[in-house]
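Engineer: The file below is model33.cif, mmCIF, C-alpha atoms:
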```
data_entry
#
loop_
_atom_site.group_PDB
_atom_site.id
_atom_site.type_symbol
_atom_site.label_atom_id
_atom_site.label_comp_id
_atom_site.auth_asym_id
_atom_site.auth_seq_id
_atom_site.Cartn_x
_atom_site.Cartn_y
_atom_site.Cartn_z
ATOM 1 C CA MET A 166 0.000 0.000 0.000
ATOM 2 C CA CYS A 167 1.329 3.448 -0.886
ATOM 3 C CA ARG A 168 2.381 5.628 2.035
ATOM 4 C CA LEU A 169 1.240 9.250 2.185
ATOM 5 C CA PHE A 170 2.705 11.973 4.391
ATOM 6 C CA GLY A 171 1.965 15.686 4.538
ATOM 7 C CA LEU A 172 3.072 18.350 6.993
ATOM 8 C CA THR A 173 2.396 22.055 7.358
ATOM 9 C CA SER A 174 3.873 24.517 9.818
ATOM 10 C CA ALA A 175 2.719 27.514 7.736
ATOM 11 C CA PRO A 176 3.361 30.367 7.877
ATOM 12 C CA GLU A 177 6.590 29.294 9.623
ATOM 13 C CA ARG A 178 9.223 27.578 7.526
ATOM 14 C CA THR A 179 10.570 24.387 9.076
ATOM 15 C CA ARG A 180 13.805 22.499 8.548
ATOM 16 C CA ALA A 181 13.270 18.763 8.373
ATOM 17 C CA THR A 182 15.155 15.618 7.425
ATOM 18 C CA PHE A 183 13.437 12.804 5.544
ATOM 19 C CA TRP A 184 14.510 9.215 5.029
ATOM 20 C CA LEU A 185 12.052 7.726 2.556
ATOM 21 C CA LEU A 186 13.394 4.216 3.186
ATOM 22 C CA ASP A 187 15.512 2.906 6.012
ATOM 23 C CA ALA A 188 18.606 1.045 4.883
ATOM 24 C CA PRO A 189 18.078 -2.742 4.890
ATOM 25 C CA ASP A 190 19.947 -4.890 7.392
ATOM 26 C CA SER A 191 20.821 -7.323 4.640
ATOM 27 C CA LEU A 192 20.042 -8.080 1.048
ATOM 28 C CA SER A 193 17.514 -10.649 2.255
ATOM 29 C CA THR A 194 15.180 -7.832 3.285
ATOM 30 C CA GLN A 195 14.858 -6.755 -0.327
ATOM 31 C CA SER A 196 11.841 -8.495 -1.801
ATOM 32 C CA HIS A 197 8.749 -7.963 -3.888
ATOM 33 C CA HIS A 198 7.325 -6.151 -0.856
ATOM 34 C CA ASP A 199 9.709 -3.270 -1.492
ATOM 35 C CA PRO A 200 8.249 -0.128 -3.052
ATOM 36 C CA ASP A 201 8.370 1.014 -6.649
ATOM 37 C CA GLY A 202 9.233 4.669 -6.100
ATOM 38 C CA THR A 203 9.740 7.410 -3.531
ATOM 39 C CA GLY A 204 9.314 11.162 -3.650
ATOM 40 C CA LEU A 205 9.513 14.297 -1.529
ATOM 41 C CA GLY A 206 8.046 17.711 -2.326
ATOM 42 C CA SER A 207 8.625 21.108 -0.728
ATOM 43 C CA PHE A 208 8.686 24.811 -1.638
ATOM 44 C CA ALA A 209 11.395 27.466 -1.864
ATOM 45 C CA PRO A 210 10.884 30.788 -0.036
ATOM 46 C CA ASP A 211 9.541 32.327 -3.252
ATOM 47 C CA GLY A 212 6.949 29.556 -3.592
ATOM 48 C CA THR A 213 8.735 27.581 -6.299
ATOM 49 C CA PRO A 214 7.928 23.866 -5.901
ATOM 50 C CA HIS A 215 10.817 21.440 -5.559
ATOM 51 C CA VAL A 216 10.367 17.698 -6.107
ATOM 52 C CA SER A 217 13.008 15.049 -5.414
ATOM 53 C CA LYS A 218 11.871 11.607 -6.561
ATOM 54 C CA ALA A 219 12.963 8.390 -8.230
ATOM 55 C CA PRO A 220 11.499 5.072 -9.313
ATOM 56 C CA LEU A 221 13.016 2.023 -7.665
ATOM 57 C CA ALA A 222 13.047 -0.273 -10.676
ATOM 58 C CA ALA A 223 15.189 -3.342 -9.917
ATOM 59 C CA TYR A 224 16.406 -1.533 -6.775
ATOM 60 C CA GLU A 225 18.694 0.609 -8.918
ATOM 61 C CA ASP A 226 17.704 3.764 -7.063
ATOM 62 C CA ARG A 227 17.425 2.411 -3.551
ATOM 63 C CA ALA A 228 20.383 4.521 -2.409
ATOM 64 C CA PHE A 229 18.401 7.611 -3.423
ATOM 65 C CA ALA A 230 15.538 6.617 -1.114
ATOM 66 C CA GLU A 231 17.813 5.697 1.804
ATOM 67 C CA GLU A 232 19.814 8.916 1.643
ATOM 68 C CA ALA A 233 18.848 11.606 4.174
ATOM 69 C CA LYS A 234 17.160 14.582 2.529
ATOM 70 C CA GLN A 235 17.371 17.850 4.427
ATOM 71 C CA THR A 236 15.062 20.605 3.281
ATOM 72 C CA GLU A 237 13.215 23.673 4.533
ATOM 73 C CA SER A 238 9.637 24.570 3.713
ATOM 74 C CA ALA A 239 6.346 25.595 5.326
ATOM 75 C CA THR A 240 4.656 22.558 3.729
ATOM 76 C CA PHE A 241 5.974 19.121 2.790
ATOM 77 C CA ILE A 242 4.619 16.104 0.947
ATOM 78 C CA ALA A 243 6.179 12.636 0.800
ATOM 79 C CA HIS A 244 5.096 9.433 -0.913
ATOM 80 C CA ILE A 245 6.195 5.819 -1.171
ATOM 81 C CA ARG A 246 4.746 4.212 -4.289
ATOM 82 C CA TYR A 247 3.534 0.681 -4.820
ATOM 83 C CA ALA A 248 2.619 0.755 -8.492
ATOM 84 C CA SER A 249 -0.950 -0.043 -9.537
ATOM 85 C CA THR A 250 -0.869 1.603 -12.979
ATOM 86 C CA GLY A 251 2.063 2.825 -15.015
ATOM 87 C CA SER A 252 5.599 1.550 -15.434
ATOM 88 C CA LEU A 253 8.457 2.172 -12.993
ATOM 89 C CA GLU A 254 9.608 5.475 -14.454
ATOM 90 C CA LEU A 255 10.267 8.941 -13.095
ATOM 91 C CA ARG A 256 7.194 10.347 -14.851
ATOM 92 C CA ASN A 257 4.961 7.909 -12.935
ATOM 93 C CA THR A 258 6.520 8.595 -9.532
ATOM 94 C CA HIS A 259 4.723 10.789 -6.978
ATOM 95 C CA PRO A 260 4.449 13.613 -6.071
ATOM 96 C CA PHE A 261 3.218 15.380 -9.205
ATOM 97 C CA GLU A 262 3.303 19.144 -9.836
ATOM 98 C CA GLN A 263 0.640 21.208 -11.608
ATOM 99 C CA ASP A 264 -0.075 24.944 -11.352
ATOM 100 C CA GLY A 265 2.444 25.276 -8.513
ATOM 101 C CA ARG A 266 0.722 22.602 -6.398
ATOM 102 C CA LEU A 267 2.051 19.183 -5.371
ATOM 103 C CA PHE A 268 -0.059 16.012 -5.147
ATOM 104 C CA ALA A 269 0.323 12.377 -4.065
ATOM 105 C CA HIS A 270 -2.360 9.683 -4.100
ATOM 106 C CA ASN A 271 -2.997 6.281 -2.532
ATOM 107 C CA GLY A 272 -5.653 4.199 -4.261
ATOM 108 C CA VAL A 273 -6.921 2.916 -7.584
ATOM 109 C CA ILE A 274 -9.246 4.484 -10.154
ATOM 110 C CA GLU A 275 -10.382 2.433 -13.150
ATOM 111 C CA GLY A 276 -12.155 3.475 -16.336
ATOM 112 C CA LEU A 277 -9.218 5.597 -17.447
ATOM 113 C CA ASP A 278 -10.473 5.875 -21.043
ATOM 114 C CA ALA A 279 -13.610 7.568 -19.714
ATOM 115 C CA LEU A 280 -11.496 9.820 -17.494
ATOM 116 C CA ASP A 281 -9.308 10.754 -20.462
ATOM 117 C CA ALA A 282 -12.410 11.606 -22.488
ATOM 118 C CA HIS A 283 -13.735 13.735 -19.634
ATOM 119 C CA LEU A 284 -10.399 15.565 -19.360
ATOM 120 C CA GLY A 285 -10.354 16.292 -23.085
ATOM 121 C CA PRO A 286 -7.621 18.844 -23.886
ATOM 122 C CA ASP A 287 -6.614 18.913 -20.209
ATOM 123 C CA ARG A 288 -5.254 15.386 -20.646
ATOM 124 C CA ALA A 289 -2.165 17.126 -22.067
ATOM 125 C CA ALA A 290 -1.197 18.104 -18.506
ATOM 126 C CA VAL A 291 -0.574 14.424 -17.723
ATOM 127 C CA ALA A 292 3.010 13.405 -18.481
ATOM 128 C CA GLY A 293 2.784 9.804 -17.252
ATOM 129 C CA GLU A 294 0.494 6.800 -17.294
ATOM 130 C CA THR A 295 -1.014 6.773 -13.802
ATOM 131 C CA ASP A 296 -4.584 7.133 -12.642
ATOM 132 C CA SER A 297 -3.197 9.429 -9.917
ATOM 133 C CA GLU A 298 -1.837 12.088 -12.259
ATOM 134 C CA ARG A 299 -5.063 12.045 -14.258
ATOM 135 C CA PHE A 300 -7.029 12.592 -11.028
ATOM 136 C CA PHE A 301 -4.742 15.526 -10.221
ATOM 137 C CA ALA A 302 -5.292 16.987 -13.691
ATOM 138 C CA LEU A 303 -9.052 16.909 -13.111
ATOM 139 C CA ILE A 304 -8.610 18.644 -9.740
ATOM 140 C CA THR A 305 -6.449 21.263 -11.442
ATOM 141 C CA ARG A 306 -9.042 21.879 -14.153
ATOM 142 C CA GLU A 307 -11.926 22.080 -11.698
ATOM 143 C CA THR A 308 -9.956 24.432 -9.448
ATOM 144 C CA ARG A 309 -9.467 26.797 -12.376
ATOM 145 C CA ALA A 310 -13.173 26.495 -13.224
ATOM 146 C CA HIS A 311 -14.014 27.476 -9.629
ATOM 147 C CA GLY A 312 -11.884 30.608 -9.689
ATOM 148 C CA GLY A 313 -8.883 29.097 -7.916
ATOM 149 C CA ASP A 314 -10.901 27.618 -5.036
ATOM 150 C CA VAL A 315 -8.947 24.420 -4.392
ATOM 151 C CA ALA A 316 -11.523 22.890 -2.031
ATOM 152 C CA ALA A 317 -14.279 23.393 -4.585
ATOM 153 C CA GLY A 318 -12.063 21.953 -7.309
ATOM 154 C CA ILE A 319 -11.328 18.864 -5.212
ATOM 155 C CA ALA A 320 -14.996 18.327 -4.376
ATOM 156 C CA ALA A 321 -16.026 18.648 -8.038
ATOM 157 C CA ALA A 322 -13.283 16.362 -9.362
ATOM 158 C CA ALA A 323 -13.624 13.677 -6.697
ATOM 159 C CA GLY A 324 -17.410 13.852 -6.940
ATOM 160 C CA TRP A 325 -17.349 13.257 -10.694
ATOM 161 C CA ILE A 326 -15.009 10.283 -10.332
ATOM 162 C CA ALA A 327 -17.076 8.798 -7.484
ATOM 163 C CA ALA A 328 -20.228 9.061 -9.576
ATOM 164 C CA HIS A 329 -18.884 7.855 -12.925
ATOM 165 C CA LEU A 330 -15.830 5.601 -12.521
ATOM 166 C CA PRO A 331 -14.965 2.394 -10.675
ATOM 167 C CA VAL A 332 -13.150 3.451 -7.481
ATOM 168 C CA TYR A 333 -11.080 1.537 -4.950
ATOM 169 C CA ALA A 334 -9.697 4.548 -3.062
ATOM 170 C CA LEU A 335 -9.059 8.275 -3.631
ATOM 171 C CA ASN A 336 -6.908 9.104 -0.582
ATOM 172 C CA PHE A 337 -4.504 11.954 -1.312
ATOM 173 C CA VAL A 338 -2.479 14.856 0.057
ATOM 174 C CA LEU A 339 -2.178 18.143 -1.880
ATOM 175 C CA VAL A 340 0.017 21.066 -0.827
ATOM 176 C CA THR A 341 0.787 24.623 -1.890
ATOM 177 C CA PRO A 342 3.468 26.874 -0.334
ATOM 178 C CA ALA A 343 1.064 27.726 2.531
ATOM 179 C CA ASP A 344 -1.835 25.241 2.507
ATOM 180 C CA LEU A 345 -2.442 21.522 2.883
ATOM 181 C CA TRP A 346 -5.490 19.530 1.792
ATOM 182 C CA ALA A 347 -6.133 15.826 2.413
ATOM 183 C CA LEU A 348 -9.013 13.563 1.363
ATOM 184 C CA ARG A 349 -9.950 10.137 2.686
ATOM 185 C CA TYR A 350 -12.443 8.302 0.478
ATOM 186 C CA PRO A 351 -14.077 5.922 0.956
ATOM 187 C CA ASP A 352 -13.110 3.894 4.084
ATOM 188 C CA THR A 353 -10.802 1.533 2.151
ATOM 189 C CA HIS A 354 -7.506 2.908 3.468
ATOM 190 C CA ASP A 355 -6.732 4.779 6.675
ATOM 191 C CA LEU A 356 -5.648 8.410 6.727
ATOM 192 C CA TYR A 357 -4.743 10.043 10.035
ATOM 193 C CA VAL A 358 -4.353 13.666 11.077
ATOM 194 C CA LEU A 359 -2.398 15.041 14.035
ATOM 195 C CA HIS A 360 -2.704 18.617 15.279
ATOM 196 C CA ARG A 361 0.722 18.832 16.896
ATOM 197 C CA PRO A 362 1.470 21.718 19.257
ATOM 198 C CA ALA A 363 5.033 22.987 19.559
ATOM 199 C CA GLY A 364 7.053 20.270 21.253
ATOM 200 C CA GLY A 365 4.433 17.618 20.669
ATOM 201 C CA HIS A 366 2.383 15.830 23.298
ATOM 202 C CA HIS A 367 5.113 16.234 25.927
ATOM 203 C CA GLY A 368 5.795 19.886 25.105
ATOM 204 C CA ASP A 369 9.568 19.592 24.669
ATOM 205 C CA ARG A 370 10.151 17.067 21.884
ATOM 206 C CA HIS A 371 11.502 17.285 18.369
ATOM 207 C CA LEU A 372 9.245 15.831 15.717
ATOM 208 C CA ASP A 373 10.507 12.291 15.221
ATOM 209 C CA HIS A 374 8.125 10.212 13.126
ATOM 210 C CA SER A 375 8.715 6.731 11.790
ATOM 211 C CA GLY A 376 6.521 4.501 9.637
ATOM 212 C CA THR A 377 6.247 0.748 9.932
ATOM 213 C CA ALA A 378 8.438 -1.877 8.272
ATOM 214 C CA GLY A 379 11.371 0.486 7.679
ATOM 215 C CA ARG A 380 9.316 2.966 5.674
ATOM 216 C CA MET A 381 9.754 6.721 5.900
ATOM 217 C CA ARG A 382 11.251 8.602 8.846
ATOM 218 C CA ILE A 383 10.984 12.334 9.459
ATOM 219 C CA HIS A 384 12.907 14.402 12.014
ATOM 220 C CA SER A 385 12.641 18.124 12.759
ATOM 221 C CA ARG A 386 14.210 20.023 15.653
ATOM 222 C CA ASP A 387 12.348 23.162 14.566
ATOM 223 C CA LEU A 388 9.015 21.641 15.555
ATOM 224 C CA THR A 389 10.086 21.757 19.193
ATOM 225 C CA GLY A 390 9.027 25.399 18.995
ATOM 226 C CA THR A 391 6.462 25.477 16.172
ATOM 227 C CA ASP A 392 2.938 24.090 15.802
ATOM 228 C CA ALA A 393 2.233 21.744 12.902
ATOM 229 C CA VAL A 394 -0.484 19.679 11.279
ATOM 230 C CA VAL A 395 0.546 16.221 10.063
ATOM 231 C CA VAL A 396 -1.375 13.855 7.784
ATOM 232 C CA ALA A 397 -0.202 10.268 7.287
ATOM 233 C CA SER A 398 -1.347 6.834 6.192
ATOM 234 C CA GLU A 399 -0.590 5.535 9.684
ATOM 235 C CA ARG A 400 0.098 6.810 13.196
ATOM 236 C CA MET A 401 3.801 7.629 13.163
ATOM 237 C CA ASP A 402 4.580 8.138 16.847
ATOM 238 C CA ASP A 403 3.030 7.516 20.282
ATOM 239 C CA ASN A 404 1.107 10.796 20.427
ATOM 240 C CA PRO A 405 -2.412 9.825 21.588
ATOM 241 C CA HIS A 406 -4.044 12.602 19.559
ATOM 242 C CA TRP A 407 -3.769 11.035 16.113
ATOM 243 C CA ARG A 408 -7.287 11.030 14.645
ATOM 244 C CA LEU A 409 -8.586 8.803 11.853
ATOM 245 C CA MET A 410 -10.263 10.964 9.223
ATOM 246 C CA GLU A 411 -13.910 10.250 8.459
ATOM 247 C CA PRO A 412 -14.629 8.674 5.052
ATOM 248 C CA GLY A 413 -15.461 11.375 2.509
ATOM 249 C CA ALA A 414 -13.815 14.068 4.626
ATOM 250 C CA LEU A 415 -11.666 16.828 3.120
ATOM 251 C CA LEU A 416 -9.221 18.455 5.521
ATOM 252 C CA HIS A 417 -7.725 21.905 4.939
ATOM 253 C CA ALA A 418 -4.928 23.376 7.062
ATOM 254 C CA GLY A 419 -4.176 27.003 6.206
ATOM 255 C CA PRO A 420 -1.476 29.511 7.157
ATOM 256 C CA ASP A 421 -3.848 31.257 9.572
ATOM 257 C CA GLY A 422 -3.631 28.301 11.936
ATOM 258 C CA ILE A 423 -7.211 27.280 11.211
ATOM 259 C CA THR A 424 -7.905 23.666 10.227
ATOM 260 C CA THR A 425 -11.285 22.669 8.841
ATOM 261 C CA THR A 426 -12.749 19.296 7.935
ATOM 262 C CA THR A 427 -15.762 19.008 5.642
ATOM 263 C CA VAL A 428 -17.481 15.872 4.382
ATOM 264 C CA VAL A 429 -17.544 16.487 0.632
ATOM 265 C CA LEU A 430 -18.373 12.899 -0.415
ATOM 266 C CA PRO A 431 -21.109 11.642 1.926
ATOM 267 C CA ASP A 432 -22.088 8.687 -0.265
ATOM 268 C CA PRO A 433 -20.039 5.633 -1.283
ATOM 269 C CA PRO A 434 -18.745 5.362 -4.856
ATOM 270 C CA ALA A 435 -21.372 4.424 -7.407
ATOM 271 C CA HIS A 436 -19.034 1.675 -8.659
ATOM 272 C CA ARG A 437 -17.031 0.602 -5.618
ATOM 273 C CA LEU A 438 -14.207 -1.857 -6.257
ATOM 274 C CA THR A 439 -12.929 -4.558 -3.928
ATOM 275 C CA LEU A 440 -9.496 -6.186 -3.964
ATOM 276 C CA ASP A 441 -11.008 -9.119 -5.843
ATOM 277 C CA ASP A 442 -12.098 -6.753 -8.625
ATOM 278 C CA LEU A 443 -8.587 -5.419 -9.223
ATOM 279 C CA HIS A 444 -5.914 -6.733 -11.570
ATOM 280 C CA PRO A 445 -3.430 -8.763 -9.479
ATOM 281 C CA VAL A 446 -0.725 -6.081 -9.817
ATOM 282 C CA ALA A 447 -3.101 -3.345 -8.669
ATOM 283 C CA ALA A 448 -4.433 -5.545 -5.870
ATOM 284 C CA ALA A 449 -0.903 -6.235 -4.615
ATOM 285 C CA SER A 450 -0.174 -2.489 -4.572
ATOM 286 C CA GLN A 451 -3.100 -1.871 -2.216
ATOM 287 C CA LYS A 452 -2.187 -4.416 0.438
ATOM 288 C CA ALA A 453 -0.190 -3.453 3.494
ATOM 289 C CA ALA A 454 3.506 -4.112 2.970
#
```
Produce structure tokens that represent the structure in this file.

Structural biologist:
Amino acid sequence: MCRLFGLTSAPERTRATFWLLDAPDSLSTQSHHDPDGTGLGSFAPDGTPHVSKAPLAAYEDRAFAEEAKQTESATFIAHIRYASTGSLELRNTHPFEQDGRLFAHNGVIEGLDALDAHLGPDRAAVAGETDSERFFALITRETRAHGGDVAAGIAAAAGWIAAHLPVYALNFVLVTPADLWALRYPDTHDLYVLHRPAGGHHGDRHLDHSGTAGRMRIHSRDLTGTDAVVVASERMDDNPHWRLMEPGALLHAGPDGITTTTVVLPDPPAHRLTLDDLHPVAAASQKAA
């Protein structure tokens, strides 16, 4: 299952170190359970997006994922990919960038010919083969159609897909230089949110998050003194305040310190997929690794 991570400390910029994979103890730990790509997104002080990512085809780029990445930003997005659609290439590796926004997705959407037809000329914004980047392109188009209102664009795009296409899951994180959005839909995969005060639950701790099975670690001394909102596919420390997002809920964390959650998809997908409905490769990508 793909791993999603998003963090915002906006308007404060935060220095953080990411390890997208822990180094294996031995070659025996490398198996078909290993991921197919890793990526990290952040923003320069002028708002320019920066993406550092690589596919992990045949483990050629594992050193890239194990190497510590130190960066500074008010918002971050990280993703570990288990491929469901698209080959193991850079263009299919998350996160994706469009209109100065960064996006990463965990799930499966089928009926891509119908989605391509619905995108029409906007399909040109999609450089790769994934359902995820197509979904992002629809969000981008709908956001433009709603005068730059990202929440409205997300609701329109996700609502159209839920009504017209076979859906397994649409979980995603989307960030701009100052805002973070996250959607959990439907209840297929977990997505957690943590409103972390400066210093965390104990009041005097660095942020030190670690995923399961050697996946993704994040450390930040700066968050000893700065509030943050974190979104992740799993609880990543012992803080008791991690909250599982409600299915259909869209979370927005803005630079004003206000976080809102709105149920934008109250109904299940019209064509809900199960693991048994998926191609074996897609099904394998959606199981916990």

Engineer: I'd like a table as a Markdown table: residues in stretch 349-376 of chain A with an atom no more than 12 Å from stretch 418-440 of chain A, each row giving the shortest atom pair and its distance in Å to one decimal, only C-alpha atoms counted, sorted by chain and rising residue number.

Structural biologist:
```
| residue | atom | partner | partner_atom | distance |
| --- | --- | --- | --- | --- |
| A:Arg349 | CA | A:Leu430 | CA | 9.4 |
| A:Tyr350 | CA | A:Leu430 | CA | 7.6 |
| A:Pro351 | CA | A:Pro433 | CA | 6.4 |
| A:Asp352 | CA | A:Pro433 | CA | 8.9 |
| A:Thr353 | CA | A:Thr439 | CA | 8.9 |
| A:His354 | CA | A:Thr439 | CA | 11.8 |
| A:Val358 | CA | A:Ala418 | CA | 10.5 |
| A:Leu359 | CA | A:Thr424 | CA | 10.9 |
| A:His360 | CA | A:Thr424 | CA | 8.8 |
| A:Arg361 | CA | A:Gly422 | CA | 11.5 |
| A:Pro362 | CA | A:Gly422 | CA | 11.1 |
```

Engineer: From the options A:Thr250, A:Ser217, A:Thr203, A:Thr258, which residue's atoms come nearest to A:Phe170, counting all atoms listed in the file?

Structural biologist: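 For A:Phe170, the nearest of the given residues is A:Thr203.
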
Engineer: Please report the interatomic distance between atom CA of A:Pro412 and atom CA of A:Ala334 in Å with one decimal.

Structural biologist: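 One can read the atom CA of A:Pro412 to atom CA of A:Ala334 distance as 10.4 Å.
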
Engineer: For A:Gly272, which residue among A:Gln451, A:Thr305, A:Glu254, A:Gly312 is the nearest when counting only C-alpha atoms?

Structural biologist: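 The closest residue to A:Gly272 is A:Gln451.
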
Engineer: Translate the PyMOL selection byres ((chain A and resi 404) around 10) into a concrete residue list for this structure, as a PyMOL selection string.

Structural biologist: chain A and resi 359+361+365-367+400-403+405-407

Engineer: When the PyMOL selection byres ((chain A and resi 172) around 12) is applied to the structure above, which residues does it catch, written out as a VMD selection string?

Structural biologist: chain A and resid 169 to 171 173 to 175 177 to 181 183 205 to 207 237 to 243 338 to 347 357 to 361 372 374 383 to 385 388 392 to 397 417 to 419

Engineer: Can you tell me which residues surround A:Leu255 at a distance of at most 12 Å, considering only C-alpha atoms, apart from same-chain residues fewer than 5 positions away, and format the answer as a list in words?

Structural biologist: Asp201, Gly202, Thr203, Gly204, Val216, Ser217, Lys218, Ala219, Pro220, Leu221, Ala222, Asp226, Arg246, Pro260, Phe261, Ala292, Gly293, Glu294 and Thr295 of chain A

Engineer: With the file shown as input, list the residues that the PyMOL selection byres ((chain A and resi 289) around 12) selects, as a count of residues only.

Structural biologist: 18

Engineer: Provide the atom CA of A:Gly276 to atom CA of A:Leu330 distance in Å, to one decimal place.

Structural biologist: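 Calculated distance between atom CA of A:Gly276 and atom CA of A:Leu330 is 5.7 Å.
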
Engineer: Considering all atoms listed in the file, state which residue in the set A:Ala228, A:Ile274, A:Leu185, A:Ala310 is at the smallest distance from A:Ala328.

Structural biologist: A:Ile274

Engineer: Report, in Å to a single decimal, how far apart atom CA of A:Leu348 and atom CA of A:Gly413 are.

Structural biologist: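 Here the two named atoms are 6.9 Å from each other.
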
Engineer: Tell me which of A:His283, A:His371, A:Arg256, A:Arg408 sits closest to A:Gly390, counting all atoms listed in the file.

Structural biologist: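 Ranking A:His283, A:His371, A:Arg256, A:Arg408 by distance to A:Gly390, first place goes to A:His371.
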
Engineer: Pick out the closest residue to A:Gly368 from this set: A:Arg382, A:Thr389, A:Ser398, A:Ala414. Count all atoms listed in the file.

Structural biologist: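 The shortest atom-to-atom distance to A:Gly368 comes from A:Thr389.
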
Engineer: Have stretch 246-252 of chain A completed to all heavy atoms, please, and pass it along as a PDB file, in the coordinates of the input.

Structural biologist:
```
ATOM      1  N   ARG A 246       5.643   4.764  -3.271  1.00  0.00           N
ATOM      2  CA  ARG A 246       4.746   4.212  -4.289  1.00  0.00           C
ATOM      3  C   ARG A 246       4.843   2.702  -4.384  1.00  0.00           C
ATOM      4  O   ARG A 246       5.944   2.137  -4.456  1.00  0.00           O
ATOM      5  CB  ARG A 246       5.081   4.823  -5.658  1.00  0.00           C
ATOM      6  CG  ARG A 246       4.169   4.308  -6.782  1.00  0.00           C
ATOM      7  CD  ARG A 246       4.623   4.774  -8.154  1.00  0.00           C
ATOM      8  NE  ARG A 246       3.665   4.361  -9.184  1.00  0.00           N
ATOM      9  CZ  ARG A 246       3.993   3.954 -10.406  1.00  0.00           C
ATOM     10  NH1 ARG A 246       5.272   3.925 -10.767  1.00  0.00           N
ATOM     11  NH2 ARG A 246       3.068   3.597 -11.270  1.00  0.00           N
ATOM     12  N   TYR A 247       3.686   2.068  -4.405  1.00  0.00           N
ATOM     13  CA  TYR A 247       3.534   0.681  -4.820  1.00  0.00           C
ATOM     14  C   TYR A 247       2.675   0.728  -6.077  1.00  0.00           C
ATOM     15  O   TYR A 247       1.492   1.074  -6.011  1.00  0.00           O
ATOM     16  CB  TYR A 247       2.882  -0.165  -3.721  1.00  0.00           C
ATOM     17  CG  TYR A 247       3.784  -0.341  -2.525  1.00  0.00           C
ATOM     18  CD1 TYR A 247       3.892   0.657  -1.568  1.00  0.00           C
ATOM     19  CD2 TYR A 247       4.560  -1.486  -2.374  1.00  0.00           C
ATOM     20  CE1 TYR A 247       4.739   0.521  -0.479  1.00  0.00           C
ATOM     21  CE2 TYR A 247       5.404  -1.630  -1.288  1.00  0.00           C
ATOM     22  CZ  TYR A 247       5.494  -0.625  -0.344  1.00  0.00           C
ATOM     23  OH  TYR A 247       6.344  -0.753   0.732  1.00  0.00           O
ATOM     24  N   ALA A 248       3.252   0.448  -7.212  1.00  0.00           N
ATOM     25  CA  ALA A 248       2.619   0.755  -8.492  1.00  0.00           C
ATOM     26  C   ALA A 248       1.365  -0.072  -8.726  1.00  0.00           C
ATOM     27  O   ALA A 248       1.383  -1.298  -8.597  1.00  0.00           O
ATOM     28  CB  ALA A 248       3.608   0.523  -9.627  1.00  0.00           C
ATOM     29  N   SER A 249       0.278   0.629  -9.100  1.00  0.00           N
ATOM     30  CA  SER A 249      -0.950  -0.043  -9.537  1.00  0.00           C
ATOM     31  C   SER A 249      -1.165   0.153 -11.026  1.00  0.00           C
ATOM     32  O   SER A 249      -1.636  -0.753 -11.720  1.00  0.00           O
ATOM     33  CB  SER A 249      -2.149   0.484  -8.753  1.00  0.00           C
ATOM     34  OG  SER A 249      -2.293   1.880  -8.925  1.00  0.00           O
ATOM     35  N   THR A 250      -0.846   1.345 -11.536  1.00  0.00           N
ATOM     36  CA  THR A 250      -0.869   1.603 -12.979  1.00  0.00           C
ATOM     37  C   THR A 250       0.390   2.364 -13.344  1.00  0.00           C
ATOM     38  O   THR A 250       0.887   3.165 -12.557  1.00  0.00           O
ATOM     39  CB  THR A 250      -2.095   2.450 -13.395  1.00  0.00           C
ATOM     40  OG1 THR A 250      -2.054   3.715 -12.702  1.00  0.00           O
ATOM     41  CG2 THR A 250      -3.390   1.740 -13.079  1.00  0.00           C
ATOM     42  N   GLY A 251       0.888   2.105 -14.547  1.00  0.00           N
ATOM     43  CA  GLY A 251       2.063   2.825 -15.015  1.00  0.00           C
ATOM     44  C   GLY A 251       3.353   2.099 -14.682  1.00  0.00           C
ATOM     45  O   GLY A 251       3.488   1.452 -13.641  1.00  0.00           O
ATOM     46  N   SER A 252       4.313   2.218 -15.588  1.00  0.00           N
ATOM     47  CA  SER A 252       5.599   1.550 -15.434  1.00  0.00           C
ATOM     48  C   SER A 252       6.453   2.258 -14.384  1.00  0.00           C
ATOM     49  O   SER A 252       6.121   3.341 -13.904  1.00  0.00           O
ATOM     50  CB  SER A 252       6.328   1.538 -16.780  1.00  0.00           C
ATOM     51  OG  SER A 252       6.425   2.862 -17.291  1.00  0.00           O
TER      52      SER A 252
END
```
